[in-house]
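Undergrad: First the structure, then my questions, so here it is.
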Amino acid sequence: QPVLTAAAFSFANQPKQKYSMNTFKIIATTMACLICGLAGSGAQSAELDAYGGFADVKGQKTGYFHPQKIDGRWWLVTPEGHGFFGIGISHPVTSFSQGAVAFSYNGSQEAWLRDGIKKMRDLGYNCVWSGPYSMERIRLGFVDMDLAERVYREEKIPHAIHVSLIKHQVELKPGEKRPDVFSDEYARFVRKTVARYVAPNKGNPWILGYYYGFGSFMRSGLWLNETLNRKPGSAGREHLISTLEKRYEGDIQKLNAVYGKSYQSFDGLRQKGGIAYPAGYFQYSKNKAIATDQHALIAEIVVQVNRLGHTEIRRIDPHHMVLGCYVKGVTYSPEIWQRISPYIDVLAPQHFSETHKIKPVVGKTGLPALLSDQVYGNVYPESLLKTGKTPGPVPDHLDRRVLYKLLSRRLAADPDFIGVSFCACLHDNSHTSKPYDRGQPGFFTIDNEPRSKTVETVRESNAFIYRSVRRPRNETAIKKLDDDYHKTIEHYKAIAQKRKMLLQQK
């Protein structure tokens, strides 16, 4: 077995093609330089299996990717039974990449898809947690889904499959309501969707698992209001009101006192309706009792989605991981994570949250964590800075590099994580959809010109993860790295606020 670095593994797994002797000499020289460079920095070269797992980290060989705790550290174990840490990006395939396809690939989606996988490997990414596509990023069409699925299978890169059970906020059409997840209609939809995406992949060892979507349940109050406002007798309305009835022990006067209502009975509430919750993003009532009810009701919806999805997936595929929803760090409380733990194999918050830390949940549920869409900054235009509508703002591309480096150190140190998907695009995305009104910057322009400094930082940081992930740090060291990252974020928020004030004055 040859000794491979991540970069060498990338080359070894490219499609077979003819190379000149001169090309081989160039590649050999480059690899030698890479290995010498890593050795000079104190790295230990590692023998990798066919999937990219560390051959010296022994886990259970099941023929499928699965999580396993080995010597105090969580690993994603490869089908061959070796510890693997999955590093990927979230948006390599999007509807907003038409420019790159047109200008750099002569309109060929297949060339774009195959070169995209090569580019990810060259950057040090070893898997794609979002898979051949994610629905919220191809909602404008353009992407040939069948082609993307075939290319990802043929290129043999570990990847997940999007089983779209919950739409992202941006996918909803004007006037479209969220589904009644307690209805027979939704159960049939889940069964049909799982059959479409799971059945063709159940025997593929390169599949990491199945996820339901990004950014789910961001407006819990609006979802509850839409469900409670359905016609009397509808499944969702009945279930939520029955949940309230249990919470108030069948005493309608207790509910009336909290909500300021005058219902005569819970049956009256079922017929008349009239309860509503704050509908903003991550917004809960200032009334503690009402906020607690809101949390309990959205938990019912979350559990139902995960229960249905898990049941249908396991009916077809008993082996691959169920990844659940990729949710914002503040979306699920520890109680919700605990309730859905029988239906998922991994905790998948989208990013590190300072207020909703995942470590205690790992300990309580016995499940590892995946950062499913880790933001590391975006460079936004003045029009959005002026309004303050800039999630995760940073002043410049240099600052994105700062955050990426901090995150790589934080991640590699933590034994609770099996992987990360960074919120990034390969190519600059077009300006066709807000909040990216000048587009989301990628590692490459639509002319395939690399942002060389960003690429350099990402390669170095991903290589650092590979070198360091087998040697996790203690809690004191992890806390220091965590504090460093979050303090830097606060500095950038302060800078963005100052810029907003200046722009408003102008």
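Starting from 1 in every chain, residues are counted up; chains themselves are A, B, ... following the order of the structure tokens, and ligands are numbered from 1 as listed.
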I need the residues in range 31-252 of chain A that are helix (DSSP H, G or I) according to DSSP; give them as a PyMOL selection string.
TA: chain A and resi 31-40+95-104+109-123+135-137+145-155+169-171+184-201+220-228+235-247+252
Undergrad: Do you have, as JSON lines, the list of residues of range 333-362 of chain A lying at most 9 Å from range 371-378 of chain A, each with its nearest atom pair and that distance in Å to one decimal, counting only C-alpha atoms and ordered by chain then number?
TA:
```
{"residue": "A:Leu347", "atom": "CA", "partner": "A:Leu371", "partner_atom": "CA", "distance": 8.4}
{"residue": "A:Ala348", "atom": "CA", "partner": "A:Ser372", "partner_atom": "CA", "distance": 5.5}
{"residue": "A:Pro349", "atom": "CA", "partner": "A:Leu371", "partner_atom": "CA", "distance": 5.6}
{"residue": "A:Gln350", "atom": "CA", "partner": "A:Asp373", "partner_atom": "CA", "distance": 4.3}
{"residue": "A:His351", "atom": "CA", "partner": "A:Gln374", "partner_atom": "CA", "distance": 4.4}
{"residue": "A:Phe352", "atom": "CA", "partner": "A:Gln374", "partner_atom": "CA", "distance": 7.3}
```
Undergrad: Select, from A:Gly107, A:Leu244, A:Gly221, A:His320, the residue with the minimum atom-to-atom distance to Val77 in chain A, counting only C-alpha atoms.
TA: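 Residue with the minimum atom-to-atom distance to Val77 in chain A: A:His320.
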Undergrad: For His319 in chain A, work out the shell of residues within 10 Å, counting only C-alpha atoms and skipping chain neighbours fewer than 3 positions away, then give it as a PyMOL selection string.
TA: chain A and resi 62-66+202-203+205+209+313-314+316+322
Undergrad: Please save N, CA, C and O atoms of the selected residues as a PDB file, in the first residue's frame.
TA:
```
ATOM      1  N   THR A  62     -18.181  -2.723   8.046  1.00  0.00           N
ATOM      2  CA  THR A  62     -19.573  -3.084   7.777  1.00  0.00           C
ATOM      3  C   THR A  62     -19.934  -3.024   6.302  1.00  0.00           C
ATOM      4  O   THR A  62     -21.018  -3.470   5.919  1.00  0.00           O
ATOM      5  N   GLY A  63     -19.053  -2.441   5.482  1.00  0.00           N
ATOM      6  CA  GLY A  63     -19.377  -2.254   4.074  1.00  0.00           C
ATOM      7  C   GLY A  63     -20.081  -0.946   3.806  1.00  0.00           C
ATOM      8  O   GLY A  63     -20.385  -0.619   2.648  1.00  0.00           O
ATOM      9  N   TYR A  64     -20.334  -0.145   4.862  1.00  0.00           N
ATOM     10  CA  TYR A  64     -21.009   1.142   4.730  1.00  0.00           C
ATOM     11  C   TYR A  64     -20.381   2.146   5.692  1.00  0.00           C
ATOM     12  O   TYR A  64     -19.810   1.776   6.723  1.00  0.00           O
ATOM     13  N   PHE A  65     -20.497   3.435   5.365  1.00  0.00           N
ATOM     14  CA  PHE A  65     -20.071   4.467   6.306  1.00  0.00           C
ATOM     15  C   PHE A  65     -20.974   4.438   7.539  1.00  0.00           C
ATOM     16  O   PHE A  65     -22.198   4.312   7.417  1.00  0.00           O
ATOM     17  N   HIS A  66     -20.366   4.563   8.700  1.00  0.00           N
ATOM     18  CA  HIS A  66     -21.148   4.593   9.934  1.00  0.00           C
ATOM     19  C   HIS A  66     -20.325   5.284  11.028  1.00  0.00           C
ATOM     20  O   HIS A  66     -19.091   5.299  10.970  1.00  0.00           O
ATOM     21  N   LYS A 202     -29.323   2.327  -2.152  1.00  0.00           N
ATOM     22  CA  LYS A 202     -29.222   1.519  -0.938  1.00  0.00           C
ATOM     23  C   LYS A 202     -28.003   0.593  -0.928  1.00  0.00           C
ATOM     24  O   LYS A 202     -27.507   0.234   0.133  1.00  0.00           O
ATOM     25  N   GLY A 203     -27.498   0.211  -2.113  1.00  0.00           N
ATOM     26  CA  GLY A 203     -26.351  -0.681  -2.146  1.00  0.00           C
ATOM     27  C   GLY A 203     -25.039  -0.001  -2.485  1.00  0.00           C
ATOM     28  O   GLY A 203     -24.020  -0.674  -2.647  1.00  0.00           O
ATOM     29  N   PRO A 205     -21.781   1.800  -1.641  1.00  0.00           N
ATOM     30  CA  PRO A 205     -20.956   2.030  -0.457  1.00  0.00           C
ATOM     31  C   PRO A 205     -20.391   3.439  -0.362  1.00  0.00           C
ATOM     32  O   PRO A 205     -19.900   3.833   0.702  1.00  0.00           O
ATOM     33  N   GLY A 209     -25.020   8.957   3.610  1.00  0.00           N
ATOM     34  CA  GLY A 209     -26.300   8.860   4.278  1.00  0.00           C
ATOM     35  C   GLY A 209     -27.306   9.764   3.600  1.00  0.00           C
ATOM     36  O   GLY A 209     -27.056  10.321   2.524  1.00  0.00           O
ATOM     37  N   ILE A 313     -37.090   5.249   5.344  1.00  0.00           N
ATOM     38  CA  ILE A 313     -35.725   4.943   4.893  1.00  0.00           C
ATOM     39  C   ILE A 313     -35.312   3.557   5.352  1.00  0.00           C
ATOM     40  O   ILE A 313     -34.774   2.760   4.580  1.00  0.00           O
ATOM     41  N   ARG A 314     -35.560   3.252   6.610  1.00  0.00           N
ATOM     42  CA  ARG A 314     -35.158   1.947   7.145  1.00  0.00           C
ATOM     43  C   ARG A 314     -35.958   0.794   6.520  1.00  0.00           C
ATOM     44  O   ARG A 314     -35.488  -0.345   6.472  1.00  0.00           O
ATOM     45  N   ILE A 316     -36.459   0.557   3.427  1.00  0.00           N
ATOM     46  CA  ILE A 316     -35.773   0.268   2.167  1.00  0.00           C
ATOM     47  C   ILE A 316     -34.290   0.004   2.379  1.00  0.00           C
ATOM     48  O   ILE A 316     -33.705  -0.890   1.767  1.00  0.00           O
ATOM     49  N   VAL A 322     -28.821   7.891   8.625  1.00  0.00           N
ATOM     50  CA  VAL A 322     -29.897   8.880   8.511  1.00  0.00           C
ATOM     51  C   VAL A 322     -29.387  10.147   9.173  1.00  0.00           C
ATOM     52  O   VAL A 322     -29.128  10.167  10.388  1.00  0.00           O
TER      53      VAL A 322
END
```
Undergrad: When you look at range 85-91 of chain A with a cut-off of 10 Å (counting only C-alpha atoms), what residues show up, excluding the ones that are within fewer than 6 positions of it in the same chain? I need them as number ranges by chain.
TA: A: 52-54, 74-78, 120-121, 123-134, 136-138, 158-159, 208, 214, 370-375, 412, 417-427, 442, 462, 465-466, 469-470
Undergrad: Could you give me, as a tab-separated table, a per-residue list for range 219-274 of chain A showing, wherever an atom lies at most 10 Å from an atom of range 286-308 of chain A, the closest pair of atoms and their distance in Å to one decimal, using only C-alpha atoms and sorting by chain then residue number from low to high?
TA:
```
residue	atom	partner	partner_atom	distance
A:Arg219	CA	A:Ile298	CA	9.8
A:Ser220	CA	A:Ile298	CA	6.2
A:Gly221	CA	A:Gln294	CA	7.1
A:Trp223	CA	A:Ile298	CA	8.1
A:Leu224	CA	A:Ile298	CA	6.9
A:Thr227	CA	A:Ile301	CA	9.9
A:Gly236	CA	A:Ile301	CA	8.8
A:His239	CA	A:Glu300	CA	8.6
A:Leu240	CA	A:Leu297	CA	6.3
A:Ile241	CA	A:Leu297	CA	9.0
A:Thr243	CA	A:Leu297	CA	7.2
A:Leu244	CA	A:Asp293	CA	7.4
A:Arg247	CA	A:Asp293	CA	8.2
A:Tyr248	CA	A:Asp293	CA	10.0
A:Leu255	CA	A:Ile290	CA	9.5
A:Val258	CA	A:Ala289	CA	7.0
A:Tyr259	CA	A:Ile290	CA	7.4
```
Undergrad: For the selection you just gave me, I'd like the residues written to a file as a compact mmCIF listing (two decimals), in the first residue's frame, keeping C-alpha atoms.
TA:
```
# COMPACT_ATOMS: atom_id res chain seq x y z
CA ARG A 219 -39.71 30.11 11.33
CA SER A 220 -41.35 27.78 13.82
CA GLY A 221 -44.08 30.24 14.79
CA TRP A 223 -45.30 26.92 10.71
CA LEU A 224 -47.43 26.51 13.83
CA THR A 227 -51.04 24.40 10.92
CA GLY A 236 -52.16 18.88 12.22
CA HIS A 239 -52.62 17.10 16.99
CA LEU A 240 -51.32 20.49 18.11
CA ILE A 241 -54.46 21.42 20.04
CA THR A 243 -50.88 18.61 22.71
CA LEU A 244 -51.93 21.91 24.33
CA ARG A 247 -50.02 20.42 28.63
CA TYR A 248 -52.81 22.26 30.44
CA LEU A 255 -54.90 28.19 28.90
CA VAL A 258 -51.97 32.44 29.75
CA TYR A 259 -53.22 33.48 26.30
```
Undergrad: Leaving out Gly233 in chain A and any residue of its chain fewer than 5 positions from it, which residues lie within 9 Å of it when counting only C-alpha atoms, given as a PyMOL selection string?
TA: chain A and resi 238+270-271
Undergrad: As a PDB file with C-alpha atoms, in the first residue's frame, please: every residue in range 278-369 of chain A that DSSP puts in strand (DSSP E).
TA:
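Dumped everything to result_29.pdb:
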```pdb
ATOM      1  CA  MET A 321     -26.806   6.731   7.985  1.00  0.00           C
ATOM      2  CA  VAL A 322     -29.897   8.880   8.511  1.00  0.00           C
ATOM      3  CA  LEU A 323     -28.607  12.440   8.873  1.00  0.00           C
ATOM      4  CA  GLY A 324     -31.951  14.199   9.434  1.00  0.00           C
ATOM      5  CA  CYS A 325     -32.271  17.936   8.866  1.00  0.00           C
ATOM      6  CA  TYR A 326     -29.304  20.287   8.590  1.00  0.00           C
ATOM      7  CA  ALA A 369     -21.842  15.752  15.668  1.00  0.00           C
TER       8      ALA A 369
END
```
Undergrad: Excluding Val198 in chain A and any residue of its chain fewer than 3 positions from it, enumerate the residues within 9 Å of it, using only C-alpha atoms, and give them as a ChimeraX atom specification.
TA: /A:161,163,193-195,201-202,210,313,316-317
